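Chemist: Just my_file-v4.cif, nothing more (mmCIF, C-alpha atoms):
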```cif
data_protein
loop_
_atom_site.label_atom_id
_atom_site.label_comp_id
_atom_site.auth_asym_id
_atom_site.auth_seq_id
_atom_site.Cartn_x
_atom_site.Cartn_y
_atom_site.Cartn_z
CA MET M 1 -0.79 -40.87 142.02
CA SER M 2 -1.44 -41.62 138.34
CA MET M 3 0.69 -40.18 135.54
CA TRP M 4 -2.22 -37.93 134.58
CA SER M 5 -2.72 -36.68 138.14
CA ALA M 6 1.01 -36.06 138.51
CA TRP M 7 1.11 -34.16 135.24
CA VAL M 8 -1.91 -32.05 136.21
CA ALA M 9 -0.44 -31.20 139.61
CA THR M 10 2.93 -30.32 138.10
CA ARG M 11 1.40 -28.23 135.34
CA ARG M 12 -0.72 -26.24 137.76
CA ASP M 13 2.30 -25.68 139.97
CA PHE M 14 4.27 -24.35 137.00
CA VAL M 15 1.43 -22.05 135.92
CA ARG M 16 1.05 -20.77 139.47
CA HIS M 17 4.73 -19.82 139.65
CA GLY M 18 4.92 -18.38 136.14
CA VAL M 19 7.32 -21.02 134.82
CA MET M 20 7.09 -22.06 131.16
CA LEU M 21 6.14 -25.75 130.82
CA ALA M 22 7.97 -26.14 127.52
CA GLY M 23 11.25 -25.31 129.19
CA SER M 24 11.07 -28.04 131.79
CA ALA M 25 13.21 -31.05 130.95
CA ALA M 26 11.76 -32.92 133.93
CA LEU M 27 8.35 -33.02 132.28
CA ALA M 28 9.58 -33.98 128.82
CA PRO M 29 8.93 -37.75 129.21
CA LEU M 30 5.29 -37.01 130.04
CA LEU M 31 4.81 -34.98 126.88
CA VAL M 32 6.13 -37.46 124.31
CA GLN M 33 2.73 -38.22 122.91
CA ASN M 34 0.61 -38.60 119.83
CA PRO M 35 1.26 -35.31 118.02
CA ALA M 36 -2.18 -35.45 116.42
CA THR M 37 -4.07 -34.72 119.64
CA TYR M 38 -3.82 -31.64 121.84
CA ILE M 39 -5.50 -30.35 124.98
CA CYS M 40 -5.66 -27.16 126.99
CA PRO M 41 -3.32 -27.36 130.00
CA PRO M 42 -5.61 -28.00 133.01
CA CYS M 43 -6.44 -24.51 134.25
CA GLY M 44 -10.09 -24.65 135.24
CA CYS M 45 -11.53 -23.22 132.03
CA ALA M 46 -14.56 -24.64 130.22
CA MET M 47 -12.33 -26.51 127.71
CA ASP M 48 -10.34 -28.49 130.29
CA GLY M 49 -9.88 -32.01 128.90
CA ARG M 50 -11.38 -31.24 125.46
CA VAL M 51 -9.29 -32.87 122.72
CA PHE M 52 -8.20 -30.83 119.66
CA ASP M 53 -6.83 -32.27 116.41
CA ALA M 54 -4.29 -29.50 115.77
CA PRO M 55 -2.02 -27.21 117.80
CA GLY M 56 -3.12 -23.67 118.59
CA ARG M 57 -4.72 -21.79 121.43
CA CYS M 58 -7.60 -22.76 123.70
CA PRO M 59 -10.74 -20.93 122.52
CA ALA M 60 -11.91 -20.56 126.13
CA CYS M 61 -8.83 -19.21 127.94
CA GLY M 62 -6.30 -18.49 125.19
CA MET M 63 -3.56 -20.73 126.59
CA THR M 64 -1.35 -22.63 124.14
CA LEU M 65 -2.55 -26.19 123.56
CA VAL M 66 -0.15 -28.97 124.52
CA ALA M 67 0.20 -32.58 123.37
CA LYS M 68 -2.17 -34.89 125.20
CA PRO M 69 -0.27 -37.03 127.76
CA GLU M 70 0.00 -40.74 127.03
CA GLY M 71 -2.25 -42.82 129.20
CA ALA M 72 -4.50 -39.89 130.08
CA THR M 73 -8.10 -40.80 130.75
CA PRO M 74 -10.14 -40.24 127.57
CA PHE M 75 -12.59 -37.35 127.58
CA GLU M 76 -16.09 -38.16 126.30
CA PRO M 77 -14.94 -40.75 123.72
CA GLN M 78 -16.89 -41.27 120.51
CA SER M 79 -16.90 -45.08 120.87
CA LEU M 80 -16.48 -47.66 123.63
CA SER M 81 -14.98 -51.13 123.31
CA LYS M 82 -16.41 -54.15 125.08
CA GLY M 83 -15.03 -54.86 128.53
CA ARG M 84 -13.75 -52.55 131.25
CA GLY M 85 -12.91 -48.93 130.61
CA VAL M 86 -12.82 -45.44 132.09
CA PHE M 87 -13.44 -42.02 130.65
CA GLU M 88 -14.12 -38.54 131.95
CA THR M 89 -16.91 -36.10 131.27
CA ALA M 90 -17.39 -32.50 132.26
CA GLY M 91 -19.57 -31.52 135.19
CA GLY M 92 -22.93 -29.92 134.62
CA ILE M 93 -23.93 -26.26 134.83
CA GLY M 94 -21.95 -24.60 137.60
CA HIS M 95 -19.37 -27.42 137.49
CA GLU M 96 -18.11 -27.05 133.93
CA SER M 97 -14.44 -27.07 134.94
CA HIS M 98 -14.89 -30.18 137.09
CA ARG M 99 -14.59 -33.78 135.95
CA ILE M 100 -16.79 -36.82 136.53
CA THR M 101 -15.18 -40.25 136.13
CA VAL M 102 -17.23 -42.87 134.29
CA ALA M 103 -16.00 -46.41 135.01
CA TYR M 104 -17.94 -48.64 132.63
CA TYR M 105 -18.26 -52.26 131.57
CA VAL M 106 -19.70 -53.26 128.18
CA PRO M 107 -20.70 -56.95 128.33
CA THR M 108 -19.46 -59.46 125.78
CA ARG M 109 -22.93 -60.04 124.33
CA PHE M 110 -23.87 -56.36 124.24
CA THR M 111 -26.36 -55.36 121.57
CA PRO M 112 -28.17 -52.08 120.89
CA ASP M 113 -31.12 -53.55 122.80
CA SER M 114 -29.14 -54.17 126.02
CA ARG M 115 -30.26 -52.31 129.14
CA VAL M 116 -28.14 -49.62 130.80
CA LEU M 117 -27.43 -49.18 134.52
CA LEU M 118 -25.79 -46.16 136.19
CA VAL M 119 -24.22 -46.73 139.63
CA LEU M 120 -23.68 -44.01 142.25
CA PRO M 121 -20.99 -44.77 144.87
CA GLY M 122 -21.15 -44.07 148.57
CA ALA M 123 -19.00 -41.59 150.47
CA SER M 124 -15.78 -43.18 149.16
CA ARG M 125 -16.75 -41.92 145.65
CA GLY M 126 -14.80 -44.84 144.09
CA ALA M 127 -16.24 -45.37 140.61
CA GLU M 128 -14.01 -48.32 139.71
CA ASP M 129 -14.52 -49.96 143.12
CA TYR M 130 -18.28 -49.80 142.66
CA ARG M 131 -18.12 -51.03 139.06
CA GLU M 132 -16.22 -54.24 139.85
CA PRO M 133 -18.97 -56.17 141.71
CA TRP M 134 -21.33 -55.45 138.82
CA ILE M 135 -19.13 -56.96 136.09
CA GLU M 136 -20.20 -60.58 136.62
CA ARG M 137 -23.82 -59.44 136.91
CA ALA M 138 -23.44 -57.42 133.70
CA GLU M 139 -22.22 -60.51 131.85
CA LYS M 140 -25.07 -62.66 133.18
CA THR M 141 -27.78 -60.12 132.38
CA ASN M 142 -26.19 -58.44 129.34
CA VAL M 143 -26.48 -54.98 130.94
CA LEU M 144 -24.09 -52.09 130.27
CA VAL M 145 -22.91 -50.78 133.66
CA ALA M 146 -21.34 -47.38 134.33
CA ALA M 147 -20.32 -46.18 137.81
CA LEU M 148 -19.94 -42.42 138.25
CA GLY M 149 -17.13 -40.92 140.32
CA TYR M 150 -17.57 -37.41 141.71
CA PRO M 151 -14.34 -36.25 143.42
CA GLU M 152 -14.96 -34.96 146.93
CA SER M 153 -12.55 -32.06 146.34
CA GLN M 154 -15.00 -30.73 143.74
CA TYR M 155 -18.34 -32.06 145.01
CA ASP M 156 -18.87 -31.66 148.74
CA PHE M 157 -21.79 -32.99 150.78
CA ALA M 158 -24.11 -30.27 149.50
CA ALA M 159 -23.17 -30.85 145.85
CA TYR M 160 -23.11 -34.67 145.99
CA GLN M 161 -25.34 -36.23 148.65
CA MET M 162 -27.80 -33.31 148.59
CA GLY M 163 -27.70 -33.07 144.79
CA GLY M 164 -26.82 -29.39 144.84
CA VAL M 165 -30.24 -28.46 146.23
CA ILE M 166 -28.38 -26.65 149.01
CA ALA M 167 -25.07 -24.77 149.02
CA ASN M 168 -22.62 -23.16 151.45
CA PHE M 169 -22.95 -26.14 153.78
CA GLU M 170 -21.20 -25.77 157.13
CA LEU M 171 -21.11 -27.80 160.33
CA ARG M 172 -20.37 -25.75 163.43
CA ASN M 173 -19.07 -26.87 166.80
CA VAL M 174 -17.62 -30.09 165.38
CA SER M 175 -14.38 -31.65 166.62
CA ARG M 176 -12.28 -33.05 163.76
CA SER M 177 -9.33 -35.41 163.86
CA ALA M 178 -5.74 -34.24 163.48
CA TYR M 179 -6.15 -34.93 159.75
CA GLY M 180 -9.31 -32.84 159.49
CA GLU M 181 -11.62 -35.85 159.28
CA LEU M 182 -15.13 -35.81 160.71
CA PRO M 183 -16.15 -38.42 163.30
CA ALA M 184 -18.30 -41.31 162.11
CA VAL M 185 -21.22 -40.16 164.26
CA LEU M 186 -22.09 -36.46 164.46
CA ASN M 187 -24.37 -35.40 167.32
CA LEU M 188 -25.24 -31.76 166.76
CA ARG M 189 -27.81 -29.12 167.56
CA ASP M 190 -30.06 -28.27 164.62
CA GLU M 191 -28.66 -24.74 164.58
CA ASP M 192 -25.12 -26.13 164.15
CA ILE M 193 -26.00 -27.03 160.53
CA GLN M 194 -25.78 -23.97 158.28
CA PHE M 195 -26.55 -23.78 154.55
CA THR M 196 -28.46 -21.88 151.90
CA VAL M 197 -31.10 -23.32 149.57
CA ASN M 198 -30.03 -23.30 145.91
CA SER M 199 -33.04 -22.34 143.80
CA ARG M 200 -31.16 -22.68 140.48
CA ARG M 201 -32.54 -26.03 139.37
CA GLU M 202 -30.35 -26.15 136.28
CA THR M 203 -27.28 -26.49 138.56
CA TRP M 204 -28.63 -29.50 140.47
CA LEU M 205 -26.67 -32.72 140.09
CA PHE M 206 -29.65 -34.72 138.85
CA HIS M 207 -29.33 -33.39 135.29
CA ASP M 208 -25.94 -35.13 134.89
CA PHE M 209 -27.49 -38.57 134.62
CA ASP M 210 -29.53 -38.08 131.45
CA ARG M 211 -26.52 -36.41 129.83
CA ILE M 212 -24.09 -39.20 130.74
CA PHE M 213 -26.64 -41.78 129.60
CA GLY M 214 -26.70 -39.95 126.27
CA LEU M 215 -22.91 -40.20 126.01
CA LEU M 216 -23.07 -43.96 126.62
CA VAL M 217 -25.85 -44.40 124.05
CA ARG M 218 -23.94 -42.53 121.35
CA ALA M 219 -20.64 -44.27 122.10
CA THR M 220 -22.14 -47.79 121.97
CA GLY M 221 -24.89 -47.47 119.38
CA SER M 222 -27.46 -48.34 122.02
CA LYS M 223 -31.16 -47.99 121.24
CA ALA M 224 -32.05 -47.57 124.93
CA THR M 225 -34.32 -44.66 125.75
CA HIS M 226 -34.24 -45.09 129.53
CA TYR M 227 -31.81 -46.41 132.13
CA ASP M 228 -31.84 -47.89 135.62
CA MET M 229 -29.83 -46.66 138.61
CA PHE M 230 -28.32 -48.18 141.74
CA GLY M 231 -27.01 -45.97 144.53
CA HIS M 232 -25.55 -47.04 147.84
CA SER M 233 -25.33 -44.96 151.03
CA ALA M 234 -24.41 -41.45 149.81
CA GLY M 235 -25.47 -42.59 146.32
CA ALA M 236 -28.84 -43.68 147.71
CA GLN M 237 -29.29 -40.22 149.18
CA ILE M 238 -28.92 -38.83 145.67
CA LEU M 239 -31.36 -41.34 144.15
CA HIS M 240 -34.28 -40.71 146.48
CA ARG M 241 -33.72 -36.98 145.96
CA LEU M 242 -33.68 -37.56 142.21
CA ALA M 243 -37.20 -38.98 142.58
CA LEU M 244 -38.30 -35.96 144.62
CA PHE M 245 -36.55 -33.13 142.78
CA HIS M 246 -36.33 -34.38 139.19
CA PRO M 247 -38.93 -37.12 138.67
CA THR M 248 -39.17 -36.40 134.93
CA SER M 249 -35.66 -37.68 134.18
CA ARG M 250 -35.16 -40.60 131.81
CA ALA M 251 -34.21 -42.85 134.72
CA ASN M 252 -36.51 -45.86 134.98
CA GLN M 253 -36.00 -47.89 138.17
CA LEU M 254 -34.14 -46.25 141.05
CA MET M 255 -32.59 -48.71 143.51
CA ALA M 256 -31.64 -46.70 146.61
CA ALA M 257 -29.76 -48.81 149.17
CA ASN M 258 -28.75 -47.90 152.73
CA ALA M 259 -29.24 -44.12 152.70
CA GLY M 260 -28.49 -42.48 156.04
CA LEU M 261 -30.24 -39.12 155.59
CA TYR M 262 -33.52 -38.50 153.77
CA THR M 263 -35.37 -35.47 152.47
CA MET M 264 -38.87 -36.24 153.67
CA PRO M 265 -41.72 -35.78 151.14
CA MET M 266 -43.15 -32.85 153.07
CA LEU M 267 -43.93 -29.46 151.56
CA ASP M 268 -44.45 -27.95 155.03
CA GLU M 269 -40.98 -28.72 156.44
CA PRO M 270 -37.81 -26.83 155.39
CA GLN M 271 -34.48 -28.38 154.44
CA LEU M 272 -32.65 -30.45 155.57
CA ILE M 273 -35.81 -32.32 156.54
CA GLY M 274 -38.41 -31.37 153.95
CA LEU M 275 -39.14 -29.60 150.67
CA GLU M 276 -40.33 -26.20 151.85
CA GLY M 277 -38.38 -23.39 150.19
CA THR M 278 -36.91 -25.58 147.44
CA GLY M 279 -39.50 -24.62 144.83
CA VAL M 280 -41.01 -28.11 144.57
CA THR M 281 -44.78 -27.82 144.09
CA ALA M 282 -47.61 -30.10 145.20
CA SER M 283 -48.08 -31.21 141.59
CA GLU M 284 -44.38 -32.08 141.28
CA LEU M 285 -44.47 -34.01 144.54
CA ASN M 286 -47.44 -36.03 143.26
CA THR M 287 -45.39 -36.83 140.15
CA ALA M 288 -42.54 -37.92 142.42
CA PHE M 289 -44.84 -40.38 144.19
CA GLY M 290 -45.29 -42.07 140.82
CA ALA M 291 -41.53 -42.58 140.33
CA ARG M 292 -40.25 -46.17 140.35
CA LEU M 293 -38.22 -45.65 143.51
CA HIS M 294 -37.21 -48.88 145.24
CA LEU M 295 -35.73 -48.59 148.74
CA LEU M 296 -33.39 -51.39 149.78
CA LEU M 297 -32.76 -51.37 153.52
CA GLY M 298 -30.27 -53.65 155.23
CA GLU M 299 -31.78 -55.55 158.14
CA LEU M 300 -28.54 -55.04 160.10
CA ASP M 301 -27.91 -51.46 158.92
CA ASN M 302 -29.03 -49.71 162.07
CA ASP M 303 -25.59 -49.03 163.53
CA GLY M 304 -24.66 -45.44 162.70
CA GLU M 305 -20.99 -46.09 163.36
CA LEU M 306 -20.58 -48.33 160.33
CA GLY M 307 -19.98 -46.71 156.93
CA GLY M 308 -19.62 -43.01 156.18
CA ASN M 309 -20.76 -40.26 158.53
CA HIS M 310 -24.06 -40.43 160.36
CA LEU M 311 -25.71 -37.10 161.23
CA HIS M 312 -27.90 -36.66 164.30
CA THR M 313 -29.87 -33.64 165.48
CA PRO M 314 -33.09 -33.54 167.54
CA LYS M 315 -35.19 -32.80 164.41
CA LEU M 316 -33.51 -35.40 162.19
CA ASP M 317 -33.78 -38.09 164.84
CA ARG M 318 -37.57 -37.72 164.94
CA TYR M 319 -37.54 -39.92 161.84
CA GLY M 320 -35.22 -42.59 163.18
CA ILE M 321 -31.83 -42.98 164.76
CA GLY M 322 -30.35 -45.54 162.37
CA ARG M 323 -30.53 -46.03 158.61
CA LEU M 324 -33.11 -48.81 158.74
CA ASP M 325 -35.56 -46.78 160.83
CA ARG M 326 -35.04 -43.64 158.75
CA GLY M 327 -35.73 -45.55 155.54
CA ARG M 328 -38.94 -46.96 156.98
CA SER M 329 -40.03 -43.48 158.08
CA PHE M 330 -39.36 -42.02 154.63
CA PHE M 331 -41.38 -44.73 152.89
CA ALA M 332 -44.28 -44.52 155.37
CA GLU M 333 -44.44 -40.73 155.04
CA GLY M 334 -44.54 -41.06 151.26
CA GLN M 335 -47.38 -43.56 151.47
CA ARG M 336 -49.34 -41.34 153.82
CA ARG M 337 -48.87 -38.15 151.80
CA ALA M 338 -49.63 -39.82 148.47
CA LYS M 339 -52.86 -41.30 149.86
CA ALA M 340 -53.92 -37.91 151.24
CA ALA M 341 -53.26 -36.32 147.84
CA GLU M 342 -54.96 -39.22 145.99
CA ALA M 343 -51.76 -39.57 143.98
CA GLU M 344 -50.39 -42.70 142.33
CA PHE M 345 -47.78 -44.30 144.60
CA ASN M 346 -45.17 -46.51 142.91
CA TRP M 347 -42.47 -46.60 145.57
CA GLN M 348 -41.37 -49.97 146.91
CA MET M 349 -39.41 -50.98 150.00
CA ASP M 350 -37.58 -54.22 150.76
CA ILE M 351 -35.58 -55.11 153.84
CA VAL M 352 -32.64 -57.32 152.86
CA PRO M 353 -32.16 -59.97 155.57
CA GLY M 354 -28.78 -60.48 157.20
CA VAL M 355 -27.12 -57.51 155.44
CA GLY M 356 -25.71 -54.33 156.95
CA HIS M 357 -23.94 -51.41 155.27
CA ASP M 358 -22.47 -53.50 152.44
CA HIS M 359 -22.64 -52.18 148.88
CA GLU M 360 -21.69 -55.51 147.27
CA ARG M 361 -24.45 -57.52 148.93
CA MET M 362 -26.97 -54.73 148.52
CA GLY M 363 -25.93 -54.51 144.87
CA ALA M 364 -26.65 -58.22 144.50
CA ALA M 365 -30.13 -57.66 145.94
CA ALA M 366 -30.66 -54.77 143.53
CA ALA M 367 -29.58 -56.91 140.57
CA ARG M 368 -32.08 -59.61 141.53
CA ALA M 369 -34.86 -57.05 141.77
CA LEU M 370 -33.91 -55.42 138.47
CA TYR M 371 -32.90 -58.33 136.27
CA GLY M 372 -33.82 -61.54 138.09
CA GLY M 373 -31.46 -64.46 138.69
CA GLN M 374 -29.04 -64.76 141.56
CA GLY M 375 -27.59 -61.23 141.44
#
```
Will you turn the file into structure tokens for me?
Modeler:
Amino acid sequence: MSMWSAWVATRRDFVRHGVMLAGSAALAPLLVQNPATYICPPCGCAMDGRVFDAPGRCPACGMTLVAKPEGATPFEPQSLSKGRGVFETAGGIGHESHRITVAYYVPTRFTPDSRVLLVLPGASRGAEDYREPWIERAEKTNVLVAALGYPESQYDFAAYQMGGVIANFELRNVSRSAYGELPAVLNLRDEDIQFTVNSRRETWLFHDFDRIFGLLVRATGSKATHYDMFGHSAGAQILHRLALFHPTSRANQLMAANAGLYTMPMLDEPQLIGLEGTGVTASELNTAFGARLHLLLGELDNDGELGGNHLHTPKLDRYGIGRLDRGRSFFAEGQRRAKAAEAEFNWQMDIVPGVGHDHERMGAAAARALYGGQG
């Protein structure tokens, strides 16, 4: 556990038991900090993590501000240095008290004209782990890379993989391990999956990406007006749904690799399979067909037991048992529906030979498609 995590856990424990933080000698070493910066003690209010220049009270919850702990992850910094770094930003509407980790790399030759890439991790949610393979590529191609970490404790399957389009997600009749973990392969009845459709579009995850891109632009002096994205596995689920549910974002090319569950581009099928009931219109779907969505499918990624959790029900399995087959079905259905609607179709699909559920090798393929070279 990091110093910051330890401090947060201890502080919350003290608040919960009504103990005054200032009176705890055990925490004193953690609070010997720069006296010029103060924060609200983490309590879940809208100002969590916001830095103040003077002592006082939090304008959101009224708690006394405390000195910012040394080594704490910066919150929405005003500038970024070249090289590796990490900062935090607040979640979007409905997640204001939550935190998104941004693990970035600014290349040595960065200029305001450099391109920007956002990376969405798989089920592990590891922002720094997903940033690392992109550092050498960032140097070669002079691209600013930022991987986004959404903690699973704050963003469950509905909020992350499904982009918040559904809520109150529940799997029934599932046997978990002694540690509460789900099995790698879930074979369920369709009625065992329970959820509600979230019609509040402003709370969907997809809006985060333009906002975080804006933070990166301001902090680096970038002149970029659009950005590319790479998502693997769970991250690829988000990216193809970004194309369907928010095709007017400032994202340019969407590289979706190895998704295991797709929302099919069908207005006549309900969730989890289709778009019925989500509010997406025929006109919006036609716009989505024009998105620069690029599916990357691993030739060997048809084994549902490798990587994350793989969900099976009779209805879902109509579109394929493994990830490769499901990706092909999604692309073919998009082609068919776009042709029937006489809509522009800009989606692409590539099968990467000799690769399974591997985010590093799929990332290399994405880099070649985006920026050329060896990836």
Chemist: Using the chain letters and numbers from this file, what does the PyMOL selection byres ((chain M and resi 274) around 12) select? Give the answer as a ChimeraX atom specification.
Modeler: /M:165,197,241,244-245,261-273,275-280,285,315-316,319,330,333-334
Chemist: For the residues in the current selection, export C-alpha atoms as a PDB file, keeping the file's coordinate frame.
Modeler:
```pdb
ATOM      1  CA  VAL M 165     -30.240 -28.460 146.230  1.00  0.00           C
ATOM      2  CA  VAL M 197     -31.100 -23.320 149.570  1.00  0.00           C
ATOM      3  CA  ARG M 241     -33.720 -36.980 145.960  1.00  0.00           C
ATOM      4  CA  LEU M 244     -38.300 -35.960 144.620  1.00  0.00           C
ATOM      5  CA  PHE M 245     -36.550 -33.130 142.780  1.00  0.00           C
ATOM      6  CA  LEU M 261     -30.240 -39.120 155.590  1.00  0.00           C
ATOM      7  CA  TYR M 262     -33.520 -38.500 153.770  1.00  0.00           C
ATOM      8  CA  THR M 263     -35.370 -35.470 152.470  1.00  0.00           C
ATOM      9  CA  MET M 264     -38.870 -36.240 153.670  1.00  0.00           C
ATOM     10  CA  PRO M 265     -41.720 -35.780 151.140  1.00  0.00           C
ATOM     11  CA  MET M 266     -43.150 -32.850 153.070  1.00  0.00           C
ATOM     12  CA  LEU M 267     -43.930 -29.460 151.560  1.00  0.00           C
ATOM     13  CA  ASP M 268     -44.450 -27.950 155.030  1.00  0.00           C
ATOM     14  CA  GLU M 269     -40.980 -28.720 156.440  1.00  0.00           C
ATOM     15  CA  PRO M 270     -37.810 -26.830 155.390  1.00  0.00           C
ATOM     16  CA  GLN M 271     -34.480 -28.380 154.440  1.00  0.00           C
ATOM     17  CA  LEU M 272     -32.650 -30.450 155.570  1.00  0.00           C
ATOM     18  CA  ILE M 273     -35.810 -32.320 156.540  1.00  0.00           C
ATOM     19  CA  LEU M 275     -39.140 -29.600 150.670  1.00  0.00           C
ATOM     20  CA  GLU M 276     -40.330 -26.200 151.850  1.00  0.00           C
ATOM     21  CA  GLY M 277     -38.380 -23.390 150.190  1.00  0.00           C
ATOM     22  CA  THR M 278     -36.910 -25.580 147.440  1.00  0.00           C
ATOM     23  CA  GLY M 279     -39.500 -24.620 144.830  1.00  0.00           C
ATOM     24  CA  VAL M 280     -41.010 -28.110 144.570  1.00  0.00           C
ATOM     25  CA  LEU M 285     -44.470 -34.010 144.540  1.00  0.00           C
ATOM     26  CA  LYS M 315     -35.190 -32.800 164.410  1.00  0.00           C
ATOM     27  CA  LEU M 316     -33.510 -35.400 162.190  1.00  0.00           C
ATOM     28  CA  TYR M 319     -37.540 -39.920 161.840  1.00  0.00           C
ATOM     29  CA  PHE M 330     -39.360 -42.020 154.630  1.00  0.00           C
ATOM     30  CA  GLU M 333     -44.440 -40.730 155.040  1.00  0.00           C
ATOM     31  CA  GLY M 334     -44.540 -41.060 151.260  1.00  0.00           C
TER      32      GLY M 334
END
```
Chemist: What are the closest atom pairs, with distances in Å to one decimal, for all residues of segment 106-164 of chain M lying within 12 Å of segment 365-369 of chain M? Consider all atoms listed in the file, order rows by chain and residue number, and present the result as a tab-separated table.
Modeler:
```
residue	atom	partner	partner_atom	distance
M:Leu117	CA	M:Ala367	CA	10.0
M:Val119	CA	M:Ala366	CA	11.0
M:Pro133	CA	M:Ala367	CA	10.7
M:Trp134	CA	M:Ala367	CA	8.6
M:Ile135	CA	M:Ala367	CA	11.4
M:Glu136	CA	M:Ala367	CA	10.8
M:Arg137	CA	M:Ala367	CA	7.3
M:Ala138	CA	M:Ala367	CA	9.2
M:Glu139	CA	M:Ala367	CA	12.0
M:Lys140	CA	M:Ala367	CA	10.4
M:Thr141	CA	M:Ala367	CA	9.0
M:Asn142	CA	M:Ala367	CA	11.8
M:Val143	CA	M:Ala367	CA	10.3
M:Val145	CA	M:Ala367	CA	11.4
```
Chemist: Specify as an MDAnalysis selection string each residue included when the PyMOL selection byres ((chain M and resi 226-237) around 7) is applied to this file.
Modeler: chainID M and resid 115:123 161 224:225 238:241 250:262 359
Chemist: Evaluate the PyMOL selection byres ((chain M and resi 113) around 7) on the structure here and hand back the selected residues as number ranges by chain.
Modeler: M: 111-112, 114-115, 222-224
Chemist: Using only C-alpha atoms, which of M:Gln78, M:Gly56, M:His95, M:Leu293 sits nearest Leu370 of chain M?
Modeler: M:Leu293
Chemist: List as a PDB file with C-alpha atoms, keeping the file's coordinate frame: which residues have an atom within 6 Å of (-22.5, -39.4, 161.5), counting only C-alpha atoms?
Modeler:
```pdb
ATOM      1  CA  ALA M 184     -18.300 -41.310 162.110  1.00  0.00           C
ATOM      2  CA  VAL M 185     -21.220 -40.160 164.260  1.00  0.00           C
ATOM      3  CA  LEU M 186     -22.090 -36.460 164.460  1.00  0.00           C
ATOM      4  CA  ASN M 309     -20.760 -40.260 158.530  1.00  0.00           C
ATOM      5  CA  HIS M 310     -24.060 -40.430 160.360  1.00  0.00           C
ATOM      6  CA  LEU M 311     -25.710 -37.100 161.230  1.00  0.00           C
TER       7      LEU M 311
END
```
